[in-house]
$ cat structure08.cif   # mmCIF, C-alpha atoms
data_structure
#
loop_
_atom_site.group_PDB
_atom_site.id
_atom_site.type_symbol
_atom_site.label_atom_id
_atom_site.label_comp_id
_atom_site.auth_asym_id
_atom_site.auth_seq_id
_atom_site.Cartn_x
_atom_site.Cartn_y
_atom_site.Cartn_z
ATOM 1 C CA MET A 1 74.711 148.932 66.455
ATOM 2 C CA THR A 2 73.844 151.211 63.605
ATOM 3 C CA SER A 3 70.335 152.293 64.609
ATOM 4 C CA HIS A 4 68.854 154.227 67.525
ATOM 5 C CA ALA A 5 65.262 153.153 66.834
ATOM 6 C CA PRO A 6 63.439 151.485 69.752
ATOM 7 C CA VAL A 7 64.292 147.806 70.130
ATOM 8 C CA ARG A 8 61.151 145.671 70.027
ATOM 9 C CA LYS A 9 62.481 142.325 68.787
ATOM 10 C CA VAL A 10 65.698 140.612 69.871
ATOM 11 C CA VAL A 11 67.276 137.359 68.739
ATOM 12 C CA SER A 12 69.768 135.914 71.196
ATOM 13 C CA LEU A 13 72.535 133.551 70.097
ATOM 14 C CA VAL A 14 73.908 133.089 73.623
ATOM 15 C CA PRO A 15 72.118 131.034 76.319
ATOM 16 C CA SER A 16 73.245 133.220 79.215
ATOM 17 C CA LEU A 17 72.194 136.402 77.399
ATOM 18 C CA THR A 18 68.848 134.786 76.581
ATOM 19 C CA GLU A 19 68.290 134.261 80.291
ATOM 20 C CA ALA A 20 69.384 137.840 81.015
ATOM 21 C CA VAL A 21 66.897 139.327 78.529
ATOM 22 C CA ALA A 22 64.136 136.923 79.623
ATOM 23 C CA ALA A 23 64.584 138.051 83.230
ATOM 24 C CA THR A 24 64.506 141.737 82.285
ATOM 25 C CA GLY A 25 62.391 142.242 79.161
ATOM 26 C CA PRO A 26 60.955 138.866 78.080
ATOM 27 C CA GLU A 27 58.595 140.483 75.597
ATOM 28 C CA LEU A 28 61.611 141.418 73.445
ATOM 29 C CA LEU A 29 62.730 137.861 72.684
ATOM 30 C CA ALA A 30 61.840 136.887 69.110
ATOM 31 C CA GLY A 31 64.265 133.988 68.647
ATOM 32 C CA VAL A 32 66.774 131.946 70.657
ATOM 33 C CA THR A 33 69.102 128.995 70.114
ATOM 34 C CA ASP A 34 68.347 125.344 70.718
ATOM 35 C CA TRP A 35 70.733 125.511 73.682
ATOM 36 C CA CYS A 36 68.858 128.297 75.479
ATOM 37 C CA SER A 37 67.515 126.276 78.412
ATOM 38 C CA HIS A 38 66.714 129.038 80.905
ATOM 39 C CA PRO A 39 64.230 130.120 81.960
ATOM 40 C CA ALA A 40 62.453 126.776 81.837
ATOM 41 C CA GLY A 41 59.493 126.641 79.493
ATOM 42 C CA LEU A 42 60.742 129.489 77.296
ATOM 43 C CA ASP A 43 58.267 129.610 74.404
ATOM 44 C CA VAL A 44 60.232 131.397 71.691
ATOM 45 C CA PRO A 45 61.110 130.334 68.119
ATOM 46 C CA ARG A 46 64.328 128.280 67.975
ATOM 47 C CA ILE A 47 66.849 129.225 65.308
ATOM 48 C CA GLY A 48 69.466 126.457 65.551
ATOM 49 C CA GLY A 49 72.612 126.105 67.610
ATOM 50 C CA THR A 50 75.133 128.658 68.762
ATOM 51 C CA LYS A 51 77.638 127.376 66.178
ATOM 52 C CA ASN A 52 75.150 126.708 63.387
ATOM 53 C CA PRO A 53 72.277 129.194 63.573
ATOM 54 C CA ASP A 54 69.798 129.398 60.712
ATOM 55 C CA THR A 55 70.794 132.853 59.526
ATOM 56 C CA ALA A 56 68.054 132.978 56.884
ATOM 57 C CA ARG A 57 65.409 132.253 59.507
ATOM 58 C CA ILE A 58 66.869 134.895 61.808
ATOM 59 C CA ALA A 59 66.728 137.449 59.002
ATOM 60 C CA ALA A 60 63.117 136.459 58.318
ATOM 61 C CA LEU A 61 62.237 137.222 61.942
ATOM 62 C CA ALA A 62 63.388 140.812 61.242
ATOM 63 C CA PRO A 63 64.804 141.490 64.719
ATOM 64 C CA ASP A 64 65.881 144.983 65.698
ATOM 65 C CA LEU A 65 68.943 143.480 67.391
ATOM 66 C CA VAL A 66 70.881 140.222 67.425
ATOM 67 C CA ILE A 67 73.014 139.612 70.515
ATOM 68 C CA ALA A 68 76.029 137.341 70.254
ATOM 69 C CA ASN A 69 79.389 136.512 71.811
ATOM 70 C CA GLU A 70 82.825 136.470 70.188
ATOM 71 C CA GLU A 71 83.644 133.070 71.675
ATOM 72 C CA GLU A 72 80.329 131.225 71.391
ATOM 73 C CA ASN A 73 79.354 132.356 67.885
ATOM 74 C CA ARG A 74 81.210 132.076 64.585
ATOM 75 C CA PRO A 75 82.395 135.241 62.777
ATOM 76 C CA ALA A 76 81.016 133.931 59.459
ATOM 77 C CA ASP A 77 77.489 133.656 60.876
ATOM 78 C CA LEU A 78 77.660 137.131 62.398
ATOM 79 C CA ALA A 79 78.934 138.526 59.090
ATOM 80 C CA ALA A 80 76.013 136.884 57.267
ATOM 81 C CA LEU A 81 73.553 138.505 59.659
ATOM 82 C CA ARG A 82 75.152 141.908 59.175
ATOM 83 C CA ALA A 83 75.083 141.397 55.413
ATOM 84 C CA ALA A 84 71.340 140.817 55.749
ATOM 85 C CA GLY A 85 71.062 144.302 57.240
ATOM 86 C CA LEU A 86 70.714 143.297 60.883
ATOM 87 C CA ASP A 87 72.271 145.026 63.880
ATOM 88 C CA VAL A 88 74.527 142.592 65.716
ATOM 89 C CA LEU A 89 75.886 143.333 69.192
ATOM 90 C CA VAL A 90 78.846 141.088 70.035
ATOM 91 C CA THR A 91 79.984 140.676 73.618
ATOM 92 C CA GLU A 92 83.418 139.750 74.942
ATOM 93 C CA VAL A 93 83.628 138.282 78.447
ATOM 94 C CA ARG A 94 86.982 137.238 79.912
ATOM 95 C CA ASP A 95 86.430 138.122 83.586
ATOM 96 C CA LEU A 96 83.709 139.109 86.038
ATOM 97 C CA PRO A 97 84.010 142.931 85.779
ATOM 98 C CA GLN A 98 83.819 142.663 81.996
ATOM 99 C CA ALA A 99 80.745 140.445 82.321
ATOM 100 C CA PHE A 100 78.977 143.078 84.418
ATOM 101 C CA ARG A 101 79.890 145.812 81.921
ATOM 102 C CA GLU A 102 78.712 143.749 78.975
ATOM 103 C CA LEU A 103 75.416 142.851 80.630
ATOM 104 C CA ASP A 104 74.736 146.542 81.206
ATOM 105 C CA ARG A 105 75.689 147.282 77.591
ATOM 106 C CA VAL A 106 73.401 144.576 76.213
ATOM 107 C CA LEU A 107 70.384 145.249 78.391
ATOM 108 C CA VAL A 108 70.464 149.008 78.903
ATOM 109 C CA ARG A 109 72.231 150.434 75.870
ATOM 110 C CA GLY A 110 71.475 147.607 73.455
ATOM 111 C CA CYS A 111 67.919 146.634 74.352
ATOM 112 C CA GLY A 112 66.857 149.929 75.907
ATOM 113 C CA LEU A 113 65.742 148.265 79.146
ATOM 114 C CA PRO A 114 66.038 149.685 82.667
ATOM 115 C CA ARG A 115 69.030 148.356 84.563
ATOM 116 C CA PRO A 116 67.671 145.246 86.320
ATOM 117 C CA SER A 117 67.827 144.777 90.063
ATOM 118 C CA TRP A 118 69.242 141.264 89.591
ATOM 119 C CA LEU A 119 72.367 142.791 88.066
ATOM 120 C CA ASP A 120 72.873 144.920 91.181
ATOM 121 C CA ASP A 121 72.255 141.810 93.296
ATOM 122 C CA ALA A 122 74.867 139.874 91.329
ATOM 123 C CA GLU A 123 77.468 142.608 91.751
ATOM 124 C CA ALA A 124 76.760 142.720 95.486
ATOM 125 C CA ALA A 125 77.005 138.927 95.778
ATOM 126 C CA TRP A 126 80.510 138.955 94.347
ATOM 127 C CA ARG A 127 81.719 142.059 96.190
ATOM 128 C CA GLU A 128 82.793 140.258 99.348
ATOM 129 C CA VAL A 129 83.231 136.581 98.619
ATOM 130 C CA PRO A 130 85.064 134.418 101.165
ATOM 131 C CA ALA A 131 88.086 132.851 99.503
ATOM 132 C CA TYR A 132 90.374 130.003 100.451
ATOM 133 C CA ASP A 133 93.557 131.345 102.052
ATOM 134 C CA PRO A 134 96.024 130.116 101.037
ATOM 135 C CA PRO A 135 94.406 129.481 97.648
ATOM 136 C CA LEU A 136 93.712 125.960 96.488
ATOM 137 C CA THR A 137 95.100 124.838 93.140
ATOM 138 C CA ALA A 138 92.934 123.078 90.593
ATOM 139 C CA VAL A 139 92.774 121.647 87.134
ATOM 140 C CA VAL A 140 89.479 122.442 85.413
ATOM 141 C CA PRO A 141 88.598 120.110 82.529
ATOM 142 C CA ILE A 142 85.891 121.211 80.127
ATOM 143 C CA TRP A 143 86.102 118.219 77.773
ATOM 144 C CA ARG A 144 87.418 114.684 77.539
ATOM 145 C CA ARG A 145 88.455 112.629 74.496
ATOM 146 C CA PRO A 146 90.623 114.671 74.170
ATOM 147 C CA TRP A 147 91.080 116.229 77.585
ATOM 148 C CA MET A 148 90.805 120.020 77.458
ATOM 149 C CA VAL A 149 91.074 122.400 80.408
ATOM 150 C CA LEU A 150 90.634 126.049 81.248
ATOM 151 C CA GLY A 151 93.705 128.041 80.268
ATOM 152 C CA ARG A 152 94.405 131.752 80.282
ATOM 153 C CA ALA A 153 91.939 134.646 80.433
ATOM 154 C CA THR A 154 88.691 132.752 80.991
ATOM 155 C CA PHE A 155 85.573 133.958 82.754
ATOM 156 C CA ALA A 156 85.234 130.670 84.643
ATOM 157 C CA GLY A 157 88.859 130.848 85.752
ATOM 158 C CA ASP A 158 88.308 134.356 87.094
ATOM 159 C CA LEU A 159 85.256 133.253 89.106
ATOM 160 C CA LEU A 160 87.210 130.385 90.651
ATOM 161 C CA ALA A 161 90.123 132.697 91.481
ATOM 162 C CA ARG A 162 87.743 134.986 93.379
ATOM 163 C CA LEU A 163 86.726 131.964 95.452
ATOM 164 C CA GLY A 164 90.363 131.189 96.210
ATOM 165 C CA VAL A 165 90.827 128.399 93.668
ATOM 166 C CA ARG A 166 93.774 128.983 91.343
ATOM 167 C CA ASN A 167 93.645 127.367 87.911
ATOM 168 C CA LEU A 168 97.004 125.647 87.346
ATOM 169 C CA TYR A 169 96.828 126.439 83.628
ATOM 170 C CA ALA A 170 95.889 130.109 83.990
ATOM 171 C CA ASP A 171 99.223 131.108 82.425
ATOM 172 C CA HIS A 172 99.025 128.689 79.497
ATOM 173 C CA ALA A 173 99.413 130.248 76.039
ATOM 174 C CA ASP A 174 96.038 128.829 74.981
ATOM 175 C CA ARG A 175 92.667 129.613 76.510
ATOM 176 C CA TYR A 176 91.478 126.009 76.267
ATOM 177 C CA PRO A 177 94.567 123.808 75.921
ATOM 178 C CA LYS A 178 94.544 120.091 75.249
ATOM 179 C CA ILE A 179 96.519 118.444 78.044
ATOM 180 C CA PRO A 180 97.283 114.709 78.382
ATOM 181 C CA LEU A 181 95.552 113.108 81.339
ATOM 182 C CA ASP A 182 98.859 111.886 82.781
ATOM 183 C CA GLU A 183 100.078 115.470 82.985
ATOM 184 C CA LEU A 184 96.855 116.674 84.612
ATOM 185 C CA ASN A 185 97.284 114.083 87.332
ATOM 186 C CA ALA A 186 100.988 114.796 87.755
ATOM 187 C CA ARG A 187 100.656 118.541 88.389
ATOM 188 C CA GLY A 188 99.897 118.056 92.084
ATOM 189 C CA ALA A 189 96.622 120.012 92.127
ATOM 190 C CA ASP A 190 94.613 120.179 95.333
ATOM 191 C CA LEU A 191 91.453 119.241 93.444
ATOM 192 C CA VAL A 192 89.851 118.808 90.055
ATOM 193 C CA VAL A 193 86.834 120.971 89.210
ATOM 194 C CA LEU A 194 84.378 119.246 86.860
ATOM 195 C CA PRO A 195 81.521 121.371 85.436
ATOM 196 C CA ASP A 196 78.470 119.814 83.790
ATOM 197 C CA GLU A 197 78.959 121.812 80.572
ATOM 198 C CA PRO A 198 80.143 121.993 77.864
ATOM 199 C CA TYR A 199 81.023 118.349 78.637
ATOM 200 C CA ARG A 200 78.559 116.855 81.085
ATOM 201 C CA PHE A 201 80.837 115.536 83.818
ATOM 202 C CA THR A 202 78.985 113.514 86.472
ATOM 203 C CA ALA A 203 79.846 111.480 89.547
ATOM 204 C CA ASP A 204 80.196 108.448 87.246
ATOM 205 C CA ASP A 205 81.979 110.198 84.371
ATOM 206 C CA GLY A 206 85.052 112.234 85.261
ATOM 207 C CA PRO A 207 86.220 111.749 88.845
ATOM 208 C CA GLU A 208 87.509 108.233 88.128
ATOM 209 C CA ALA A 209 90.135 109.733 85.807
ATOM 210 C CA PHE A 210 91.714 111.567 88.759
ATOM 211 C CA PRO A 211 92.352 108.872 91.384
ATOM 212 C CA GLY A 212 93.245 110.239 94.800
ATOM 213 C CA MET A 213 92.296 113.807 93.857
ATOM 214 C CA PRO A 214 89.192 115.458 95.379
ATOM 215 C CA ALA A 215 86.658 116.175 92.640
ATOM 216 C CA ALA A 216 84.235 119.099 92.779
ATOM 217 C CA LEU A 217 81.219 118.587 90.525
ATOM 218 C CA VAL A 218 79.945 122.086 89.780
ATOM 219 C CA SER A 219 77.061 123.669 87.892
ATOM 220 C CA GLY A 220 78.297 124.851 84.515
ATOM 221 C CA ARG A 221 75.552 127.461 84.442
ATOM 222 C CA HIS A 222 76.894 129.028 87.641
ATOM 223 C CA LEU A 223 80.528 128.742 86.531
ATOM 224 C CA THR A 224 80.328 129.856 82.904
ATOM 225 C CA TRP A 225 77.083 131.820 82.384
ATOM 226 C CA TYR A 226 76.918 135.583 82.810
ATOM 227 C CA GLY A 227 73.374 136.607 83.660
ATOM 228 C CA PRO A 228 70.905 136.225 86.550
ATOM 229 C CA SER A 229 72.695 133.053 87.699
ATOM 230 C CA LEU A 230 75.609 135.224 88.849
ATOM 231 C CA ALA A 231 73.674 136.299 91.941
ATOM 232 C CA ALA A 232 73.553 132.753 93.317
ATOM 233 C CA ALA A 233 76.848 131.589 91.809
ATOM 234 C CA PRO A 234 79.183 132.367 94.759
ATOM 235 C CA GLY A 235 77.115 130.277 97.160
ATOM 236 C CA VAL A 236 76.421 127.454 94.710
ATOM 237 C CA LEU A 237 80.057 127.125 93.674
ATOM 238 C CA ARG A 238 81.361 127.418 97.220
ATOM 239 C CA THR A 239 79.034 124.626 98.359
ATOM 240 C CA ALA A 240 80.303 122.320 95.601
ATOM 241 C CA LEU A 241 83.935 123.139 96.368
ATOM 242 C CA GLU A 242 83.427 122.578 100.093
ATOM 243 C CA ALA A 243 81.852 119.183 99.447
ATOM 244 C CA ALA A 244 84.970 118.127 97.542
ATOM 245 C CA VAL A 245 87.473 119.567 100.006
ATOM 246 C CA ARG A 246 85.781 117.873 102.987
ATOM 247 C CA ARG A 247 86.024 114.401 101.430
#
$ encode --input "structure08.cif" --output "structure tokens"
Amino acid sequence: MTSHAPVRKVVSLVPSLTEAVAATGPELLAGVTDWCSHPAGLDVPRIGGTKNPDTARIAALAPDLVIANEEENRPADLAALRAAGLDVLVTEVRDLPQAFRELDRVLVRGCGLPRPSWLDDAEAAWREVPAYDPPLTAVVPIWRRPWMVLGRATFAGDLLARLGVRNLYADHADRYPKIPLDELNARGADLVVLPDEPYRFTADDGPEAFPGMPAALVSGRHLTWYGPSLAAAPGVLRTALEAAVRR
């Protein structure tokens, strides 16, 4: 950020950060992406997708701050916004502690808001989380056609590890490697974890590809979003994992 003037208008290019600002200072939101689905009924101008935002429209909204993420948003779009004279705050989130730090940076230092109680609640919720011991091993697809899974240094992988579920590809050179389905089934994982985003895995679309392997259908919002959903995430994810393990 290049300015210390009060922040009155914010454009968010990240769904989880949109929810975080909406839960803390909703009056600040001046524009959000088409994918910003929480909170429900959010009545704010839409400025395109996370990967294809309408940068001219964003500039026309004249926000004091644009909040983005190095993984979800394209460098070229962020450069165009900066070239238009806008302040752009870019987050990086690879694990839970970093998520908490970045949320504080966005909300308190970036937006000038008081630290929200939900952020304290989320930190407390994750402080003492019961974990499987010994840990379970899992493959965690995020896409099919082609099959892609969680690899190294991912926020979702860190959350699962804290619940005692070890991602079998956590040491892969890539963060989101493409792995043939035959190999995924041959690794001997205890279960497959299937989130409903970015690919929408369902009971009828996903588990059938892993015959004989317990399948945990989990909320992508609770596995991959960093924001108010983090407070409920340990319980929501644990319930989904338990349902799969008990089968």
$ residues_around --input "structure08.cif" --residues "Arg166 in chain A" --least-positions-apart "4" --cutoff "12 Å" --atoms "all atoms listed in the file" --output "PyMOL selection string"
chain A and resi 131-140+150-152+156-162+170-171+189-193
$ residues_around --input "structure08.cif" --residues "range 100-117 of chain A" --least-positions-apart "4" --cutoff "8 Å" --atoms "all atoms listed in the file" --output "ChimeraX atom specification"
/A:1,6-7,10,17,20-21,24-25,65,67,89,91-93,96,121,123,226-227
$ atom_distance --input "structure08.cif" --atom1 "CA of Ala68 in chain A" --atom2 "CA of Leu13 in chain A"
5.2 Å
$ resolve_selection --input "structure08.cif" --expression "the PyMOL selection byres ((chain A and resi 36) around 12)" --output "ChimeraX atom specification"
/A:11-22,29,31-35,37-50,221,225
$ resolve_selection --input "structure08.cif" --expression "the PyMOL selection byres ((chain A and resi 229-240) around 6)" --output "ChimeraX atom specification"
/A:121-122,125,216,218,222,227-228,241-243
$ residues_around --input "structure08.cif" --residues "Pro75 in chain A" --least-positions-apart "4" --cutoff "12 Å" --atoms "only C-alpha atoms" --output "ChimeraX atom specification"
/A:50-53,68-71,79-82,88,90
$ resolve_selection --input "structure08.cif" --expression "the PyMOL selection byres ((chain A and resi 201) around 10)" --output "count of residues only"
22
$ decode --input "structure08.cif" --residues "range 3-35 of chain A" --atoms "N, CA, C and O atoms" --output "PDB file, in the first residue's frame"
ATOM      1  N   SER A   3      -0.590   4.459   0.422  1.00  0.00           N
ATOM      2  CA  SER A   3      -1.289   5.578   1.037  1.00  0.00           C
ATOM      3  C   SER A   3      -1.720   5.229   2.454  1.00  0.00           C
ATOM      4  O   SER A   3      -2.011   4.086   2.762  1.00  0.00           O
ATOM      5  N   HIS A   4      -1.750   6.246   3.318  1.00  0.00           N
ATOM      6  CA  HIS A   4      -2.207   6.049   4.694  1.00  0.00           C
ATOM      7  C   HIS A   4      -3.533   6.752   4.932  1.00  0.00           C
ATOM      8  O   HIS A   4      -3.945   6.928   6.060  1.00  0.00           O
ATOM      9  N   ALA A   5      -4.197   7.183   3.846  1.00  0.00           N
ATOM     10  CA  ALA A   5      -5.505   7.820   3.974  1.00  0.00           C
ATOM     11  C   ALA A   5      -6.518   6.782   4.448  1.00  0.00           C
ATOM     12  O   ALA A   5      -6.354   5.581   4.230  1.00  0.00           O
ATOM     13  N   PRO A   6      -7.585   7.214   5.124  1.00  0.00           N
ATOM     14  CA  PRO A   6      -8.608   6.264   5.578  1.00  0.00           C
ATOM     15  C   PRO A   6      -9.178   5.463   4.420  1.00  0.00           C
ATOM     16  O   PRO A   6      -9.408   5.989   3.331  1.00  0.00           O
ATOM     17  N   VAL A   7      -9.393   4.178   4.646  1.00  0.00           N
ATOM     18  CA  VAL A   7      -9.963   3.302   3.629  1.00  0.00           C
ATOM     19  C   VAL A   7     -11.484   3.324   3.753  1.00  0.00           C
ATOM     20  O   VAL A   7     -12.032   2.958   4.792  1.00  0.00           O
ATOM     21  N   ARG A   8     -12.149   3.768   2.698  1.00  0.00           N
ATOM     22  CA  ARG A   8     -13.608   3.842   2.706  1.00  0.00           C
ATOM     23  C   ARG A   8     -14.243   2.916   1.675  1.00  0.00           C
ATOM     24  O   ARG A   8     -15.413   2.589   1.781  1.00  0.00           O
ATOM     25  N   LYS A   9     -13.466   2.542   0.649  1.00  0.00           N
ATOM     26  CA  LYS A   9     -13.988   1.685  -0.409  1.00  0.00           C
ATOM     27  C   LYS A   9     -12.969   0.597  -0.723  1.00  0.00           C
ATOM     28  O   LYS A   9     -11.801   0.891  -0.995  1.00  0.00           O
ATOM     29  N   VAL A  10     -13.435  -0.650  -0.701  1.00  0.00           N
ATOM     30  CA  VAL A  10     -12.569  -1.801  -0.949  1.00  0.00           C
ATOM     31  C   VAL A  10     -13.176  -2.660  -2.051  1.00  0.00           C
ATOM     32  O   VAL A  10     -14.381  -2.929  -2.050  1.00  0.00           O
ATOM     33  N   VAL A  11     -12.335  -3.085  -2.977  1.00  0.00           N
ATOM     34  CA  VAL A  11     -12.726  -4.103  -3.954  1.00  0.00           C
ATOM     35  C   VAL A  11     -11.976  -5.378  -3.605  1.00  0.00           C
ATOM     36  O   VAL A  11     -10.756  -5.357  -3.428  1.00  0.00           O
ATOM     37  N   SER A  12     -12.714  -6.469  -3.481  1.00  0.00           N
ATOM     38  CA  SER A  12     -12.102  -7.748  -3.144  1.00  0.00           C
ATOM     39  C   SER A  12     -12.120  -8.684  -4.348  1.00  0.00           C
ATOM     40  O   SER A  12     -13.173  -8.910  -4.955  1.00  0.00           O
ATOM     41  N   LEU A  13     -10.960  -9.251  -4.654  1.00  0.00           N
ATOM     42  CA  LEU A  13     -10.835 -10.200  -5.756  1.00  0.00           C
ATOM     43  C   LEU A  13     -10.722 -11.637  -5.259  1.00  0.00           C
ATOM     44  O   LEU A  13     -10.375 -12.532  -6.024  1.00  0.00           O
ATOM     45  N   VAL A  14     -11.015 -11.849  -3.979  1.00  0.00           N
ATOM     46  CA  VAL A  14     -10.868 -13.174  -3.371  1.00  0.00           C
ATOM     47  C   VAL A  14     -12.131 -13.488  -2.566  1.00  0.00           C
ATOM     48  O   VAL A  14     -12.450 -12.767  -1.619  1.00  0.00           O
ATOM     49  N   PRO A  15     -12.846 -14.568  -2.890  1.00  0.00           N
ATOM     50  CA  PRO A  15     -14.092 -14.867  -2.174  1.00  0.00           C
ATOM     51  C   PRO A  15     -13.948 -14.952  -0.664  1.00  0.00           C
ATOM     52  O   PRO A  15     -14.795 -14.433   0.076  1.00  0.00           O
ATOM     53  N   SER A  16     -12.897 -15.595  -0.170  1.00  0.00           N
ATOM     54  CA  SER A  16     -12.762 -15.726   1.279  1.00  0.00           C
ATOM     55  C   SER A  16     -12.474 -14.375   1.935  1.00  0.00           C
ATOM     56  O   SER A  16     -12.950 -14.106   3.044  1.00  0.00           O
ATOM     57  N   LEU A  17     -11.730 -13.510   1.260  1.00  0.00           N
ATOM     58  CA  LEU A  17     -11.464 -12.183   1.810  1.00  0.00           C
ATOM     59  C   LEU A  17     -12.709 -11.301   1.738  1.00  0.00           C
ATOM     60  O   LEU A  17     -12.929 -10.453   2.598  1.00  0.00           O
ATOM     61  N   THR A  18     -13.532 -11.522   0.702  1.00  0.00           N
ATOM     62  CA  THR A  18     -14.818 -10.818   0.641  1.00  0.00           C
ATOM     63  C   THR A  18     -15.648 -11.144   1.870  1.00  0.00           C
ATOM     64  O   THR A  18     -16.212 -10.248   2.524  1.00  0.00           O
ATOM     65  N   GLU A  19     -15.719 -12.426   2.212  1.00  0.00           N
ATOM     66  CA  GLU A  19     -16.493 -12.822   3.384  1.00  0.00           C
ATOM     67  C   GLU A  19     -15.888 -12.225   4.653  1.00  0.00           C
ATOM     68  O   GLU A  19     -16.617 -11.792   5.559  1.00  0.00           O
ATOM     69  N   ALA A  20     -14.562 -12.182   4.728  1.00  0.00           N
ATOM     70  CA  ALA A  20     -13.898 -11.633   5.910  1.00  0.00           C
ATOM     71  C   ALA A  20     -14.220 -10.150   6.089  1.00  0.00           C
ATOM     72  O   ALA A  20     -14.511  -9.690   7.206  1.00  0.00           O
ATOM     73  N   VAL A  21     -14.168  -9.377   5.008  1.00  0.00           N
ATOM     74  CA  VAL A  21     -14.488  -7.949   5.099  1.00  0.00           C
ATOM     75  C   VAL A  21     -15.979  -7.767   5.380  1.00  0.00           C
ATOM     76  O   VAL A  21     -16.366  -6.925   6.197  1.00  0.00           O
ATOM     77  N   ALA A  22     -16.829  -8.563   4.726  1.00  0.00           N
ATOM     78  CA  ALA A  22     -18.274  -8.437   4.931  1.00  0.00           C
ATOM     79  C   ALA A  22     -18.670  -8.716   6.372  1.00  0.00           C
ATOM     80  O   ALA A  22     -19.633  -8.141   6.879  1.00  0.00           O
ATOM     81  N   ALA A  23     -17.922  -9.605   7.038  1.00  0.00           N
ATOM     82  CA  ALA A  23     -18.235  -9.943   8.426  1.00  0.00           C
ATOM     83  C   ALA A  23     -17.665  -8.932   9.413  1.00  0.00           C
ATOM     84  O   ALA A  23     -17.996  -8.982  10.604  1.00  0.00           O
ATOM     85  N   THR A  24     -16.828  -8.019   8.926  1.00  0.00           N
ATOM     86  CA  THR A  24     -16.104  -7.116   9.825  1.00  0.00           C
ATOM     87  C   THR A  24     -16.421  -5.650   9.549  1.00  0.00           C
ATOM     88  O   THR A  24     -16.655  -4.875  10.476  1.00  0.00           O
ATOM     89  N   GLY A  25     -16.435  -5.279   8.273  1.00  0.00           N
ATOM     90  CA  GLY A  25     -16.751  -3.906   7.882  1.00  0.00           C
ATOM     91  C   GLY A  25     -17.475  -3.898   6.554  1.00  0.00           C
ATOM     92  O   GLY A  25     -16.925  -3.446   5.537  1.00  0.00           O
ATOM     93  N   PRO A  26     -18.713  -4.410   6.501  1.00  0.00           N
ATOM     94  CA  PRO A  26     -19.425  -4.582   5.231  1.00  0.00           C
ATOM     95  C   PRO A  26     -19.615  -3.286   4.452  1.00  0.00           C
ATOM     96  O   PRO A  26     -19.705  -3.311   3.222  1.00  0.00           O
ATOM     97  N   GLU A  27     -19.635  -2.174   5.154  1.00  0.00           N
ATOM     98  CA  GLU A  27     -19.844  -0.893   4.482  1.00  0.00           C
ATOM     99  C   GLU A  27     -18.683  -0.522   3.567  1.00  0.00           C
ATOM    100  O   GLU A  27     -18.806   0.349   2.698  1.00  0.00           O
ATOM    101  N   LEU A  28     -17.533  -1.193   3.728  1.00  0.00           N
ATOM    102  CA  LEU A  28     -16.360  -0.887   2.913  1.00  0.00           C
ATOM    103  C   LEU A  28     -16.426  -1.497   1.517  1.00  0.00           C
ATOM    104  O   LEU A  28     -15.786  -0.994   0.592  1.00  0.00           O
ATOM    105  N   LEU A  29     -17.171  -2.580   1.353  1.00  0.00           N
ATOM    106  CA  LEU A  29     -17.144  -3.312   0.087  1.00  0.00           C
ATOM    107  C   LEU A  29     -17.789  -2.511  -1.043  1.00  0.00           C
ATOM    108  O   LEU A  29     -18.968  -2.183  -1.005  1.00  0.00           O
ATOM    109  N   ALA A  30     -16.981  -2.231  -2.079  1.00  0.00           N
ATOM    110  CA  ALA A  30     -17.468  -1.475  -3.235  1.00  0.00           C
ATOM    111  C   ALA A  30     -17.530  -2.329  -4.489  1.00  0.00           C
ATOM    112  O   ALA A  30     -18.121  -1.917  -5.492  1.00  0.00           O
ATOM    113  N   GLY A  31     -16.922  -3.522  -4.449  1.00  0.00           N
ATOM    114  CA  GLY A  31     -16.923  -4.405  -5.606  1.00  0.00           C
ATOM    115  C   GLY A  31     -16.357  -5.760  -5.225  1.00  0.00           C
ATOM    116  O   GLY A  31     -15.423  -5.838  -4.423  1.00  0.00           O
ATOM    117  N   VAL A  32     -16.939  -6.832  -5.787  1.00  0.00           N
ATOM    118  CA  VAL A  32     -16.488  -8.187  -5.503  1.00  0.00           C
ATOM    119  C   VAL A  32     -16.593  -9.012  -6.778  1.00  0.00           C
ATOM    120  O   VAL A  32     -17.221  -8.599  -7.749  1.00  0.00           O
ATOM    121  N   THR A  33     -16.011 -10.214  -6.764  1.00  0.00           N
ATOM    122  CA  THR A  33     -16.029 -11.050  -7.956  1.00  0.00           C
ATOM    123  C   THR A  33     -17.352 -11.802  -8.093  1.00  0.00           C
ATOM    124  O   THR A  33     -18.151 -11.887  -7.158  1.00  0.00           O
ATOM    125  N   ASP A  34     -17.536 -12.379  -9.256  1.00  0.00           N
ATOM    126  CA  ASP A  34     -18.727 -13.193  -9.501  1.00  0.00           C
ATOM    127  C   ASP A  34     -18.750 -14.442  -8.634  1.00  0.00           C
ATOM    128  O   ASP A  34     -19.811 -15.051  -8.440  1.00  0.00           O
ATOM    129  N   TRP A  35     -17.579 -14.839  -8.134  1.00  0.00           N
ATOM    130  CA  TRP A  35     -17.465 -16.057  -7.330  1.00  0.00           C
ATOM    131  C   TRP A  35     -17.628 -15.793  -5.837  1.00  0.00           C
ATOM    132  O   TRP A  35     -17.565 -16.726  -5.040  1.00  0.00           O
TER     133      TRP A  35
END
